[in-house]
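See below for structure_0.tsv, which holds TSV, C-alpha atoms.
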```
chain	number	residue	atom	x	y	z
C	1	MET	CA	-68.03	-36.04	-10.24
C	2	ARG	CA	-66.21	-38.71	-8.23
C	3	GLN	CA	-66.96	-41.31	-10.90
C	4	THR	CA	-65.50	-39.08	-13.59
C	5	PHE	CA	-62.40	-38.46	-11.47
C	6	ALA	CA	-62.00	-42.18	-10.85
C	7	ILE	CA	-62.20	-42.97	-14.57
C	8	LEU	CA	-59.60	-40.29	-15.26
C	9	LEU	CA	-57.29	-41.87	-12.71
C	10	PHE	CA	-57.74	-45.22	-14.50
C	11	LEU	CA	-56.89	-43.64	-17.87
C	12	VAL	CA	-53.90	-41.81	-16.44
C	13	ALA	CA	-52.54	-44.98	-14.85
C	14	HIS	CA	-53.01	-46.89	-18.11
C	15	VAL	CA	-51.26	-44.19	-20.16
C	16	LEU	CA	-48.42	-43.62	-17.70
C	17	SER	CA	-47.69	-47.35	-17.58
C	18	ALA	CA	-46.90	-47.29	-21.32
C	19	GLN	CA	-45.45	-43.80	-21.49
C	20	THR	CA	-41.93	-43.88	-22.95
C	21	VAL	CA	-42.04	-41.17	-25.61
C	22	ALA	CA	-40.46	-37.73	-25.35
C	23	PRO	CA	-42.56	-34.55	-25.49
C	24	THR	CA	-43.83	-33.90	-29.00
C	25	PRO	CA	-42.75	-30.59	-30.58
C	26	VAL	CA	-45.29	-27.83	-30.94
C	27	ASN	CA	-47.52	-27.53	-34.01
C	28	GLN	CA	-47.68	-31.34	-34.20
C	29	SER	CA	-50.47	-33.58	-32.98
C	30	LEU	CA	-50.17	-34.47	-29.30
C	31	SER	CA	-51.27	-37.84	-28.04
C	32	LEU	CA	-52.60	-38.23	-24.51
C	33	ALA	CA	-49.21	-39.60	-23.40
C	34	ASP	CA	-47.45	-36.57	-24.92
C	35	ALA	CA	-49.78	-34.17	-23.14
C	36	LEU	CA	-49.21	-35.88	-19.80
C	37	THR	CA	-45.43	-35.79	-20.27
C	38	ILE	CA	-45.40	-32.07	-21.09
C	39	ALA	CA	-47.71	-31.24	-18.18
C	40	GLN	CA	-45.48	-33.20	-15.76
C	41	ASP	CA	-42.43	-31.28	-16.98
C	42	LYS	CA	-43.83	-27.76	-17.21
C	43	TYR	CA	-46.80	-27.21	-14.90
C	44	PRO	CA	-45.80	-24.71	-12.14
C	45	ALA	CA	-47.66	-26.52	-9.35
C	46	ILE	CA	-45.43	-29.57	-9.79
C	47	LYS	CA	-42.30	-27.40	-9.80
C	48	ALA	CA	-43.48	-25.69	-6.60
C	49	SER	CA	-44.10	-29.08	-4.99
C	50	LEU	CA	-40.61	-30.23	-5.98
C	51	GLU	CA	-39.10	-27.13	-4.36
C	52	GLN	CA	-41.04	-27.83	-1.17
C	53	GLN	CA	-39.75	-31.38	-1.26
C	54	ALA	CA	-36.18	-30.10	-1.62
C	55	ALA	CA	-36.72	-27.70	1.29
C	56	ALA	CA	-37.97	-30.55	3.49
C	57	GLU	CA	-34.94	-32.66	2.58
C	58	HIS	CA	-32.58	-29.78	3.39
C	59	GLN	CA	-34.31	-29.42	6.74
C	60	ILE	CA	-32.80	-32.79	7.68
C	61	GLY	CA	-29.35	-31.21	7.36
C	62	VAL	CA	-30.50	-28.31	9.53
C	63	ALA	CA	-31.58	-30.74	12.25
C	64	LYS	CA	-28.29	-32.66	12.04
C	65	ALA	CA	-26.35	-29.41	12.37
C	66	ALA	CA	-27.44	-29.29	16.03
C	67	TYR	CA	-24.78	-31.94	16.75
C	68	LEU	CA	-22.02	-29.46	15.83
C	69	PRO	CA	-20.31	-27.23	18.41
C	70	ARG	CA	-21.36	-23.60	18.68
C	71	LEU	CA	-18.79	-20.82	18.40
C	72	ASP	CA	-19.70	-17.22	19.30
C	73	LEU	CA	-17.36	-14.26	18.64
C	74	VAL	CA	-17.61	-10.74	20.02
C	75	TRP	CA	-15.63	-7.50	19.72
C	76	GLN	CA	-16.36	-4.10	21.15
C	77	THR	CA	-14.58	-0.72	21.31
C	78	ASN	CA	-16.14	2.25	23.05
C	79	ARG	CA	-15.43	5.67	24.49
C	80	ALA	CA	-17.32	6.32	27.72
C	81	THR	CA	-17.28	7.89	31.13
C	82	ASP	CA	-16.57	5.76	34.20
C	83	ASN	CA	-18.90	7.15	36.84
C	84	ASN	CA	-19.31	3.98	38.87
C	85	ARG	CA	-21.19	3.52	42.15
C	86	THR	CA	-21.39	0.65	44.58
C	87	GLY	CA	-24.75	-1.11	44.55
C	88	LEU	CA	-26.85	-3.91	43.10
C	89	LEU	CA	-28.33	-3.82	39.62
C	90	LEU	CA	-30.45	-6.73	38.39
C	91	PRO	CA	-29.82	-8.03	34.84
C	92	GLN	CA	-31.48	-5.93	32.14
C	93	SER	CA	-30.74	-4.72	28.60
C	94	VAL	CA	-30.92	-0.93	28.92
C	95	LEU	CA	-28.28	0.26	31.40
C	96	PRO	CA	-24.65	-0.64	30.54
C	97	SER	CA	-22.67	-2.35	33.28
C	98	ILE	CA	-19.46	-0.80	34.62
C	99	SER	CA	-16.74	-2.92	36.22
C	100	GLY	CA	-13.86	-1.86	38.43
C	101	PRO	CA	-13.52	0.29	41.54
C	102	VAL	CA	-15.51	3.43	42.21
C	103	ALA	CA	-13.68	6.25	40.48
C	104	GLY	CA	-13.13	9.74	41.80
C	105	ASP	CA	-15.56	12.49	40.97
C	106	ALA	CA	-14.84	13.26	37.31
C	107	PRO	CA	-18.27	13.14	35.65
C	108	SER	CA	-17.15	14.66	32.38
C	109	ARG	CA	-13.99	12.68	31.68
C	110	SER	CA	-14.05	9.63	29.37
C	111	ALA	CA	-11.66	6.88	28.33
C	112	TRP	CA	-11.29	4.17	25.75
C	113	SER	CA	-12.41	0.62	26.49
C	114	SER	CA	-12.23	-2.52	24.37
C	115	ALA	CA	-13.14	-6.15	24.67
C	116	GLY	CA	-13.06	-9.23	22.48
C	117	GLY	CA	-13.42	-12.95	22.88
C	118	ALA	CA	-14.70	-16.31	21.70
C	119	LEU	CA	-16.96	-18.82	23.39
C	120	ILE	CA	-17.26	-22.39	22.15
C	121	SER	CA	-19.95	-24.69	23.51
C	122	TRP	CA	-20.81	-28.28	22.71
C	123	GLN	CA	-23.44	-30.65	23.98
C	124	PRO	CA	-21.83	-34.13	24.10
C	125	PHE	CA	-25.11	-35.95	24.79
C	126	ASP	CA	-28.74	-34.92	25.07
C	127	PHE	CA	-30.69	-38.09	25.96
C	128	GLY	CA	-31.97	-38.44	22.38
C	129	VAL	CA	-33.48	-34.98	21.86
C	130	ARG	CA	-31.50	-34.11	18.74
C	131	GLY	CA	-31.96	-37.60	17.29
C	132	ALA	CA	-35.71	-37.22	17.74
C	133	GLN	CA	-35.63	-33.85	15.99
C	134	VAL	CA	-33.73	-35.36	13.06
C	135	ASN	CA	-36.38	-38.08	12.90
C	136	VAL	CA	-39.09	-35.41	12.69
C	137	ALA	CA	-37.29	-33.79	9.76
C	138	GLN	CA	-36.96	-37.15	8.00
C	139	LYS	CA	-40.67	-37.88	8.41
C	140	SER	CA	-41.47	-34.42	7.08
C	141	ALA	CA	-39.30	-35.07	4.02
C	142	ARG	CA	-41.11	-38.36	3.42
C	143	ALA	CA	-44.46	-36.56	3.62
C	144	ALA	CA	-43.19	-33.96	1.15
C	145	VAL	CA	-42.25	-36.69	-1.33
C	146	SER	CA	-45.74	-38.18	-1.09
C	147	ALA	CA	-47.25	-34.71	-1.47
C	148	THR	CA	-45.25	-34.25	-4.67
C	149	ASP	CA	-46.49	-37.59	-5.99
C	150	LEU	CA	-50.06	-36.60	-5.14
C	151	THR	CA	-49.61	-33.29	-6.97
C	152	ARG	CA	-48.27	-35.13	-10.01
C	153	LEU	CA	-51.24	-37.48	-9.97
C	154	GLY	CA	-53.71	-34.62	-9.63
C	155	ILE	CA	-52.14	-32.65	-12.48
C	156	ALA	CA	-52.06	-35.78	-14.64
C	157	ALA	CA	-55.76	-36.40	-13.99
C	158	ALA	CA	-56.64	-32.77	-14.68
C	159	SER	CA	-54.53	-32.76	-17.86
C	160	ALA	CA	-56.18	-35.96	-19.05
C	161	ASN	CA	-59.59	-34.47	-18.31
C	162	ALA	CA	-58.72	-31.36	-20.32
C	163	TYR	CA	-57.37	-33.48	-23.18
C	164	LEU	CA	-60.53	-35.60	-23.32
C	165	ASP	CA	-62.64	-32.42	-23.23
C	166	VAL	CA	-60.80	-31.15	-26.29
C	167	VAL	CA	-61.27	-34.45	-28.12
C	168	ALA	CA	-64.97	-34.47	-27.27
C	169	ALA	CA	-65.33	-30.86	-28.40
C	170	HIS	CA	-63.52	-31.67	-31.64
C	171	GLN	CA	-65.90	-34.54	-32.32
C	172	LEU	CA	-68.88	-32.28	-31.63
C	173	VAL	CA	-67.50	-29.79	-34.16
C	174	SER	CA	-67.25	-32.58	-36.74
C	175	VAL	CA	-70.85	-33.59	-36.04
C	176	ALA	CA	-72.00	-29.99	-36.28
C	177	GLN	CA	-70.17	-29.53	-39.60
C	178	ALA	CA	-71.82	-32.68	-40.97
C	179	ASN	CA	-75.20	-31.36	-39.87
C	180	VAL	CA	-74.53	-28.07	-41.66
C	181	ARG	CA	-73.60	-29.87	-44.87
C	182	ARG	CA	-76.65	-32.12	-44.64
C	183	MET	CA	-79.02	-29.26	-43.94
C	184	GLN	CA	-77.46	-27.14	-46.69
C	185	THR	CA	-78.06	-29.93	-49.21
C	186	PHE	CA	-81.57	-30.41	-47.91
C	187	THR	CA	-82.29	-26.68	-48.08
C	188	GLU	CA	-81.05	-26.45	-51.66
C	189	SER	CA	-83.28	-29.39	-52.60
C	190	VAL	CA	-86.30	-27.75	-50.98
C	191	HIS	CA	-85.62	-24.47	-52.79
C	192	VAL	CA	-85.48	-26.32	-56.11
C	193	LEU	CA	-88.87	-27.89	-55.38
C	194	VAL	CA	-90.31	-24.56	-54.27
C	195	ASP	CA	-88.96	-22.80	-57.37
C	196	ASN	CA	-90.65	-25.43	-59.52
C	197	LYS	CA	-93.96	-24.97	-57.67
C	198	LEU	CA	-93.76	-28.51	-56.30
C	199	ARG	CA	-93.59	-27.46	-52.62
C	200	PRO	CA	-95.09	-24.47	-50.78
C	201	GLY	CA	-92.86	-21.52	-49.94
C	202	ALA	CA	-93.28	-22.17	-46.21
C	203	ASP	CA	-91.14	-25.29	-46.60
C	204	ALA	CA	-88.26	-23.17	-47.93
C	205	SER	CA	-88.57	-20.78	-44.97
C	206	GLN	CA	-88.60	-23.68	-42.55
C	207	ALA	CA	-85.54	-25.22	-44.22
C	208	ASP	CA	-83.71	-21.87	-44.02
C	209	ALA	CA	-84.53	-21.64	-40.33
C	210	GLN	CA	-83.20	-25.16	-39.72
C	211	LEU	CA	-80.02	-24.31	-41.61
C	212	ALA	CA	-79.53	-21.17	-39.51
C	213	LEU	CA	-80.02	-23.25	-36.35
C	214	VAL	CA	-77.38	-25.85	-37.24
C	215	ARG	CA	-74.96	-23.08	-38.27
C	216	THR	CA	-75.45	-21.50	-34.84
C	217	GLN	CA	-74.82	-24.87	-33.22
C	218	LEU	CA	-71.60	-25.15	-35.25
C	219	ILE	CA	-70.44	-21.76	-33.96
C	220	GLN	CA	-71.19	-22.82	-30.38
C	221	ALA	CA	-69.30	-26.09	-30.85
C	222	GLN	CA	-66.29	-24.29	-32.30
C	223	THR	CA	-66.35	-21.83	-29.40
C	224	GLN	CA	-66.38	-24.66	-26.87
C	225	GLU	CA	-63.49	-26.31	-28.68
C	226	ARG	CA	-61.40	-23.15	-28.42
C	227	VAL	CA	-62.27	-22.70	-24.74
C	228	ARG	CA	-61.32	-26.27	-23.88
C	229	LEU	CA	-58.17	-26.05	-25.97
C	230	ALA	CA	-57.13	-22.99	-23.96
C	231	ALA	CA	-57.68	-24.96	-20.74
C	232	LEU	CA	-55.45	-27.77	-22.04
C	233	ALA	CA	-52.80	-25.27	-23.16
C	234	ASP	CA	-52.70	-23.92	-19.59
C	235	PHE	CA	-51.66	-27.34	-18.26
C	236	LEU	CA	-49.07	-27.70	-21.03
C	237	ASP	CA	-47.73	-24.16	-20.54
C	238	LEU	CA	-47.99	-23.59	-24.29
C	239	PRO	CA	-49.87	-21.07	-26.45
C	240	SER	CA	-53.23	-22.52	-27.47
C	241	GLN	CA	-52.40	-22.02	-31.16
C	242	HIS	CA	-49.49	-24.45	-30.73
C	243	VAL	CA	-51.65	-27.22	-29.25
C	244	LYS	CA	-53.18	-29.81	-31.55
C	245	VAL	CA	-54.59	-33.05	-30.19
C	246	ASP	CA	-54.62	-36.48	-31.79
C	247	PRO	CA	-58.12	-37.92	-31.24
C	248	ALA	CA	-57.01	-41.34	-32.49
C	249	SER	CA	-54.89	-41.76	-29.35
C	250	VAL	CA	-58.03	-42.04	-27.18
C	251	LEU	CA	-60.70	-43.16	-29.66
C	252	SER	CA	-59.21	-46.61	-30.20
C	253	THR	CA	-60.63	-49.79	-28.71
C	254	VAL	CA	-60.78	-49.83	-24.92
C	255	PRO	CA	-58.37	-52.40	-23.39
C	256	ALA	CA	-60.19	-55.65	-22.75
C	257	THR	CA	-58.48	-56.23	-19.40
C	258	ASP	CA	-57.97	-54.01	-16.39
C	259	PRO	CA	-54.50	-52.68	-15.57
C	260	GLU	CA	-52.55	-54.54	-12.96
C	261	ALA	CA	-54.22	-54.16	-9.59
C	262	THR	CA	-52.43	-51.86	-7.15
C	263	SER	CA	-52.98	-51.74	-3.42
C	264	ILE	CA	-54.70	-48.65	-2.07
C	265	ASN	CA	-51.78	-48.30	0.33
C	266	ALA	CA	-49.61	-47.35	-2.67
C	267	HIS	CA	-51.76	-44.30	-3.44
C	268	PRO	CA	-49.87	-41.02	-2.81
C	269	ALA	CA	-52.69	-39.63	-0.65
C	270	VAL	CA	-52.49	-42.67	1.65
C	271	GLN	CA	-48.71	-42.53	1.76
C	272	GLU	CA	-48.79	-38.83	2.60
C	273	GLU	CA	-51.24	-39.39	5.47
C	274	ALA	CA	-49.12	-42.29	6.75
C	275	ALA	CA	-46.03	-40.05	6.69
C	276	LEU	CA	-47.91	-37.29	8.52
C	277	ILE	CA	-48.89	-39.77	11.23
C	278	GLU	CA	-45.25	-40.77	11.64
C	279	ARG	CA	-44.23	-37.12	11.81
C	280	GLN	CA	-46.77	-36.42	14.56
C	281	ARG	CA	-45.50	-39.45	16.49
C	282	ALA	CA	-41.92	-38.26	16.05
C	283	GLN	CA	-42.87	-34.86	17.46
C	284	LEU	CA	-44.46	-36.62	20.43
C	285	HIS	CA	-41.19	-38.52	20.92
C	286	VAL	CA	-39.31	-35.20	20.96
C	287	LEU	CA	-41.49	-34.01	23.83
C	288	SER	CA	-40.88	-37.28	25.68
C	289	ARG	CA	-37.14	-36.61	25.48
C	290	SER	CA	-37.32	-32.93	26.37
C	291	TYR	CA	-37.58	-33.22	30.16
C	292	ALA	CA	-33.93	-33.97	30.87
C	293	PRO	CA	-30.83	-32.07	32.02
C	294	ALA	CA	-28.67	-30.43	29.37
C	295	PHE	CA	-24.88	-30.93	29.61
C	296	ASN	CA	-22.62	-28.42	27.86
C	297	LEU	CA	-18.86	-28.22	27.55
C	298	LEU	CA	-17.70	-24.58	27.46
C	299	GLY	CA	-14.44	-23.01	26.44
C	300	SER	CA	-13.67	-19.29	26.40
C	301	ILE	CA	-10.83	-16.93	25.54
C	302	SER	CA	-11.19	-13.18	25.97
C	303	GLY	CA	-9.31	-9.94	26.32
C	304	ARG	CA	-10.10	-6.51	27.70
C	305	GLY	CA	-8.52	-3.10	27.47
C	306	THR	CA	-9.24	0.07	29.49
C	307	GLY	CA	-8.09	3.67	29.70
C	308	LEU	CA	-8.16	3.60	33.54
C	309	ASP	CA	-5.57	2.26	35.95
C	310	ALA	CA	-6.26	0.02	38.96
C	311	GLN	CA	-7.09	3.05	41.11
C	312	GLY	CA	-9.60	4.40	38.62
C	313	ASN	CA	-7.39	7.20	37.31
C	314	PHE	CA	-7.64	8.22	33.63
C	315	MET	CA	-4.46	7.40	31.68
C	316	GLY	CA	-5.46	9.38	28.57
C	317	GLY	CA	-4.21	9.00	25.00
C	318	THR	CA	-5.02	5.76	23.18
C	319	SER	CA	-4.98	3.65	26.30
C	320	GLY	CA	-7.78	1.04	26.14
C	321	LEU	CA	-8.18	0.96	22.34
C	322	ALA	CA	-6.85	-2.61	22.21
C	323	PRO	CA	-7.25	-5.45	24.73
C	324	SER	CA	-4.29	-5.73	27.08
C	325	THR	CA	-5.55	-8.28	29.60
C	326	LEU	CA	-6.24	-11.84	28.42
C	327	ASN	CA	-8.26	-14.63	30.07
C	328	TRP	CA	-9.27	-18.18	29.27
C	329	ALA	CA	-11.73	-20.58	30.85
C	330	GLY	CA	-13.08	-24.11	30.51
C	331	ALA	CA	-16.23	-25.40	32.17
C	332	VAL	CA	-18.97	-28.01	32.31
C	333	GLN	CA	-22.44	-26.56	32.64
C	334	VAL	CA	-25.59	-28.48	33.54
C	335	THR	CA	-29.04	-26.94	33.25
C	336	PHE	CA	-32.32	-28.57	34.13
C	337	PRO	CA	-35.76	-26.96	33.60
C	338	ALA	CA	-37.39	-28.53	36.65
C	339	ILE	CA	-40.73	-26.69	36.48
C	340	ASP	CA	-41.16	-27.32	32.74
C	341	ILE	CA	-42.59	-30.76	33.51
C	342	PHE	CA	-46.07	-29.28	33.77
C	343	THR	CA	-45.82	-27.50	30.42
C	344	ILE	CA	-44.30	-30.54	28.71
C	345	HIS	CA	-47.06	-32.76	30.11
C	346	ARG	CA	-49.73	-30.54	28.56
C	347	GLU	CA	-47.84	-30.33	25.28
C	348	LYS	CA	-47.67	-34.13	25.14
C	349	GLN	CA	-51.43	-34.32	25.61
C	350	VAL	CA	-51.94	-31.88	22.75
C	351	GLN	CA	-49.55	-33.80	20.52
C	352	ALA	CA	-51.25	-37.11	21.34
C	353	ASP	CA	-54.52	-35.56	20.20
C	354	ASN	CA	-52.81	-34.49	16.97
C	355	VAL	CA	-51.65	-38.07	16.40
C	356	ARG	CA	-55.16	-39.43	16.83
C	357	ALA	CA	-56.61	-36.76	14.55
C	358	GLU	CA	-54.09	-37.66	11.84
C	359	GLN	CA	-54.98	-41.32	12.22
C	360	MET	CA	-58.65	-40.47	11.65
C	361	ARG	CA	-57.75	-38.52	8.50
C	362	TYR	CA	-55.76	-41.53	7.33
C	363	GLN	CA	-58.77	-43.79	7.83
C	364	GLN	CA	-61.02	-41.32	6.03
C	365	THR	CA	-58.64	-41.24	3.09
C	366	MET	CA	-58.62	-45.05	2.91
C	367	ASP	CA	-62.42	-45.19	2.97
C	368	ASP	CA	-62.79	-42.51	0.29
C	369	LEU	CA	-60.33	-44.23	-2.02
C	370	SER	CA	-62.01	-47.60	-1.55
C	371	VAL	CA	-65.35	-46.12	-2.56
C	372	ARG	CA	-63.80	-44.36	-5.56
C	373	VAL	CA	-62.18	-47.58	-6.74
C	374	GLU	CA	-65.52	-49.39	-6.58
C	375	GLN	CA	-67.26	-46.54	-8.41
C	376	ALA	CA	-64.54	-46.47	-11.06
C	377	GLN	CA	-64.75	-50.21	-11.61
C	378	ALA	CA	-68.55	-50.10	-11.92
C	379	THR	CA	-68.40	-47.16	-14.34
C	380	LEU	CA	-65.70	-48.87	-16.38
C	381	ASP	CA	-67.71	-52.08	-16.63
C	382	GLY	CA	-70.76	-50.13	-17.74
C	383	ALA	CA	-68.75	-48.22	-20.34
C	384	ARG	CA	-67.41	-51.47	-21.78
C	385	GLN	CA	-70.89	-52.95	-22.02
C	386	ILE	CA	-72.14	-49.82	-23.78
C	387	GLY	CA	-69.17	-49.99	-26.12
C	388	ARG	CA	-69.91	-53.58	-27.04
C	389	LYS	CA	-73.60	-52.76	-27.61
C	390	THR	CA	-72.66	-49.78	-29.76
C	391	LEU	CA	-70.30	-51.92	-31.83
C	392	LEU	CA	-73.00	-54.57	-32.25
C	393	LEU	CA	-75.52	-51.95	-33.43
C	394	LYS	CA	-72.96	-50.64	-35.91
C	395	TRP	CA	-72.46	-54.13	-37.34
C	396	LEU	CA	-76.21	-54.66	-37.59
C	397	ARG	CA	-76.66	-51.40	-39.45
C	398	ARG	CA	-73.88	-52.24	-41.85
C	399	GLY	CA	-75.40	-55.67	-42.47
C	400	ARG	CA	-78.84	-54.17	-43.02
C	401	ALA	CA	-77.44	-51.58	-45.42
C	402	SER	CA	-75.63	-54.29	-47.38
C	403	SER	CA	-78.81	-56.35	-47.53
C	404	ASN	CA	-80.84	-53.39	-48.75
C	405	ASN	CA	-78.28	-52.56	-51.41
C	406	ALA	CA	-78.26	-56.15	-52.64
C	407	HIS	CA	-82.04	-56.15	-52.79
C	408	VAL	CA	-82.17	-52.90	-54.76
C	409	PHE	CA	-79.47	-53.65	-57.30
C	410	ASN	CA	-80.15	-57.40	-57.84
C	411	PRO	CA	-82.23	-57.65	-61.04
C	412	ALA	CA	-83.11	-61.23	-60.38
C	413	SER	CA	-84.53	-60.29	-57.04
C	414	GLN	CA	-86.60	-57.53	-58.63
C	415	ARG	CA	-88.04	-59.90	-61.27
C	416	SER	CA	-88.78	-62.49	-58.62
C	417	SER	CA	-90.55	-59.93	-56.51
C	418	LYS	CA	-92.52	-58.73	-59.54
C	419	TRP	CA	-93.82	-62.20	-60.48
C	420	GLN	CA	-94.70	-62.93	-56.91
```

Turn this file's structure into structure tokens for me.
Amino acid sequence: MRQTFAILLFLVAHVLSAQTVAPTPVNQSLSLADALTIAQDKYPAIKASLEQQAAAEHQIGVAKAAYLPRLDLVWQTNRATDNNRTGLLLPQSVLPSISGPVAGDAPSRSAWSSAGGALISWQPFDFGVRGAQVNVAQKSARAAVSATDLTRLGIAAASANAYLDVVAAHQLVSVAQANVRRMQTFTESVHVLVDNKLRPGADASQADAQLALVRTQLIQAQTQERVRLAALADFLDLPSQHVKVDPASVLSTVPATDPEATSINAHPAVQEEAALIERQRAQLHVLSRSYAPAFNLLGSISGRGTGLDAQGNFMGGTSGLAPSTLNWAGAVQVTFPAIDIFTIHREKQVQADNVRAEQMRYQQTMDDLSVRVEQAQATLDGARQIGRKTLLLKWLRRGRASSNNAHVFNPASQRSSKWQ
């Protein structure tokens, strides 16, 4: 299986290096280069990989957006009672807070309140945390590009495999048709001999059985051709009745020389693993920059309105529907997660393990590709030797046939043989 895949990669690389034609219209013969072009343009897996690549590239912009200031807006209008009591209440999200003095006992009376404001915050420096996060996004985008290239290569190999399967099935159909014609002629000859009492009737029955067998083999070959054509049509995203291959595009003489040697490091699988290693290292760098104080510049403007006066008396009407008291503020805030050092230390250990695991996967990918290249080269050399032997046998047969024909039809040769 690996040898077959390696040979397909060799064929795909050879075809793609010379591929300059546009996709061939339907209902016309498709060469291997045409099939690869259409598959690259239409197969959904490649389109999905391209979308993932675009998403990874857009993630870089998301990471860079962290450098921008943050602006939060709020507005609130409510109608509520003001039954306030002196006492401590820890921060929580269920009970609403009430500000102002303790009002007189009026549990059923309510008033309007309103509030609105804006808070802008900006982190002028962060000791390299955001830069490290942008670097992680860039490494992820690089890995996505390599993943797209690997998907393209895989689809090209699978498309080439499907194309060669169709060509092989087509050739088997041609062989089966020739066998049917040969056996039909042979069967007719046997029936003539049987009808003339020159051969027993069992020979005619045996010939009929042989003819039925080769006809069955023809049906099986035609079925396999249709099945493999449907598989190729799936890669081309075309109806199978619109797909017609050109066997001559792959049945020509095999190139005498190998394609230009390419380093294994240029393989998309290796490049993807290398990018994943860099991404894991970038994530480790983010953790190294995380244990640091955070400086924030804050600016705020706000307004509040209430339906109560300073003594807590209800003013009634529409008092409090709109803010009537404005405030502004500017501040520098520094936060430092002092105890997070223990958590960050453990996270760095985990991430270091992830880096080493990715490095091992990179080495495994390199080893696998090296073995596949050697297997492909050995298989290719063997195929060329077989091809040369097959061509030599074909020449010998043609020479022998020519010699036999000359011997049969040369009268001088016949007379010479007779006198001898």

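Across C:Leu298, C:Val167, C:Ala204, C:Ile339, the tightest approach to C:Trp122 is made by C:Leu298 when counting all atoms listed in the file.
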
Taking a cut-off of 10 Å and counting all atoms listed in the file, can you build a table that, for each residue of stretch 295-386 of chain C near stretch 280-289 of chain C, reports the nearest atom pair and how far apart they are in Å (one decimal), sorted by chain then residue number, as a Markdown table?
```
| residue | atom | partner | partner_atom | distance |
| --- | --- | --- | --- | --- |
| C:Ile344 | CA | C:Leu287 | CA | 6.6 |
| C:His345 | CA | C:Leu287 | CA | 8.5 |
| C:Glu347 | CA | C:Leu287 | CA | 7.5 |
| C:Lys348 | CA | C:Leu284 | CA | 6.2 |
| C:Gln349 | CA | C:Leu284 | CA | 9.0 |
| C:Val350 | CA | C:Leu284 | CA | 9.2 |
| C:Gln351 | CA | C:Leu284 | CA | 5.8 |
| C:Ala352 | CA | C:Leu284 | CA | 6.9 |
| C:Asp353 | CA | C:Gln280 | CA | 9.6 |
| C:Asn354 | CA | C:Gln280 | CA | 6.8 |
| C:Val355 | CA | C:Gln280 | CA | 5.5 |
| C:Arg356 | CA | C:Gln280 | CA | 9.2 |
| C:Ala357 | CA | C:Gln280 | CA | 9.8 |
| C:Glu358 | CA | C:Gln280 | CA | 7.9 |
| C:Gln359 | CA | C:Gln280 | CA | 9.8 |
```

Box for stretch 183-190 of chain C - axis-aligned, 6 Å on each of the six sides, all listed atoms - centre and size in Å to one decimal, as AutoDock Vina command-line options.
```
--center_x -81.9 --center_y -28.4 --center_z -48.3 --size_x 20.8 --size_y 16.0 --size_z 20.7
```

Check: To one decimal place, how far is atom CA of C:Asn313 from atom CA of C:Ser110 in Å?
Finding: 10.6 Å

Check: Hey, can you check how far atom CA of C:Val373 sits from atom CA of C:Ala39?
Finding: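 Separation of atom CA of C:Val373 and atom CA of C:Ala39: 24.6 Å.
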
Checklist line | Interatomic distance (Å, one decimal) between atom CA of C:Gly299 and atom CA of C:Lys64 | finding: 22.2 Å

Note to self: Can you pull out the residues contacting C:Ala55? Cut-off 10 Å, using all atoms listed in the file, and skip same-chain residues under 6 positions away; I want them as a PyMOL selection string.
What the structure shows: chain C and resi 49+141+144

Item checked: Selected residue, from C:Ala292, C:Pro101, C:Gln220, C:Tyr163, that lies nearest to C:Val243 when counting only C-alpha atoms ->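 The shortest atom-to-atom distance to C:Val243 comes from C:Tyr163.
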
Next item on the list: For C:Ala231, work out the shell of residues within 7 Å, counting only C-alpha atoms and skipping chain neighbours fewer than 4 positions away, then give it as number ranges by chain.
Entry: C: 162, 227, 235

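Using all atoms listed in the file, the smallest distance between any of C:Ser121, C:Leu36, C:Ser205, C:Arg182 and C:Val332 comes from C:Ser121.
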
Next item on the list: Might you pull out every residue within 9 Å of C:Gln271, with only C-alpha atoms counted and same-chain residues fewer than 4 positions away left off, and present them as a list in words?
Entry: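 Here the qualifying residues turn out to be Arg142, Ala143, Ser146, Ala147, Asn265, Ala266, His267, Ala275 and Leu276 of chain C.
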
Item checked: From C:Thr365, C:Gln311, C:Ser302, C:Asn161, residue lying nearest C:Thr325 [all atoms listed in the file] -> C:Ser302

Check: Which residues come within 10 Å of C:Glu225, counting only C-alpha atoms, excluding same-chain residues fewer than 4 positions away, as a PyMOL selection string?
Finding: chain C and resi 165-173+219-221+229-231
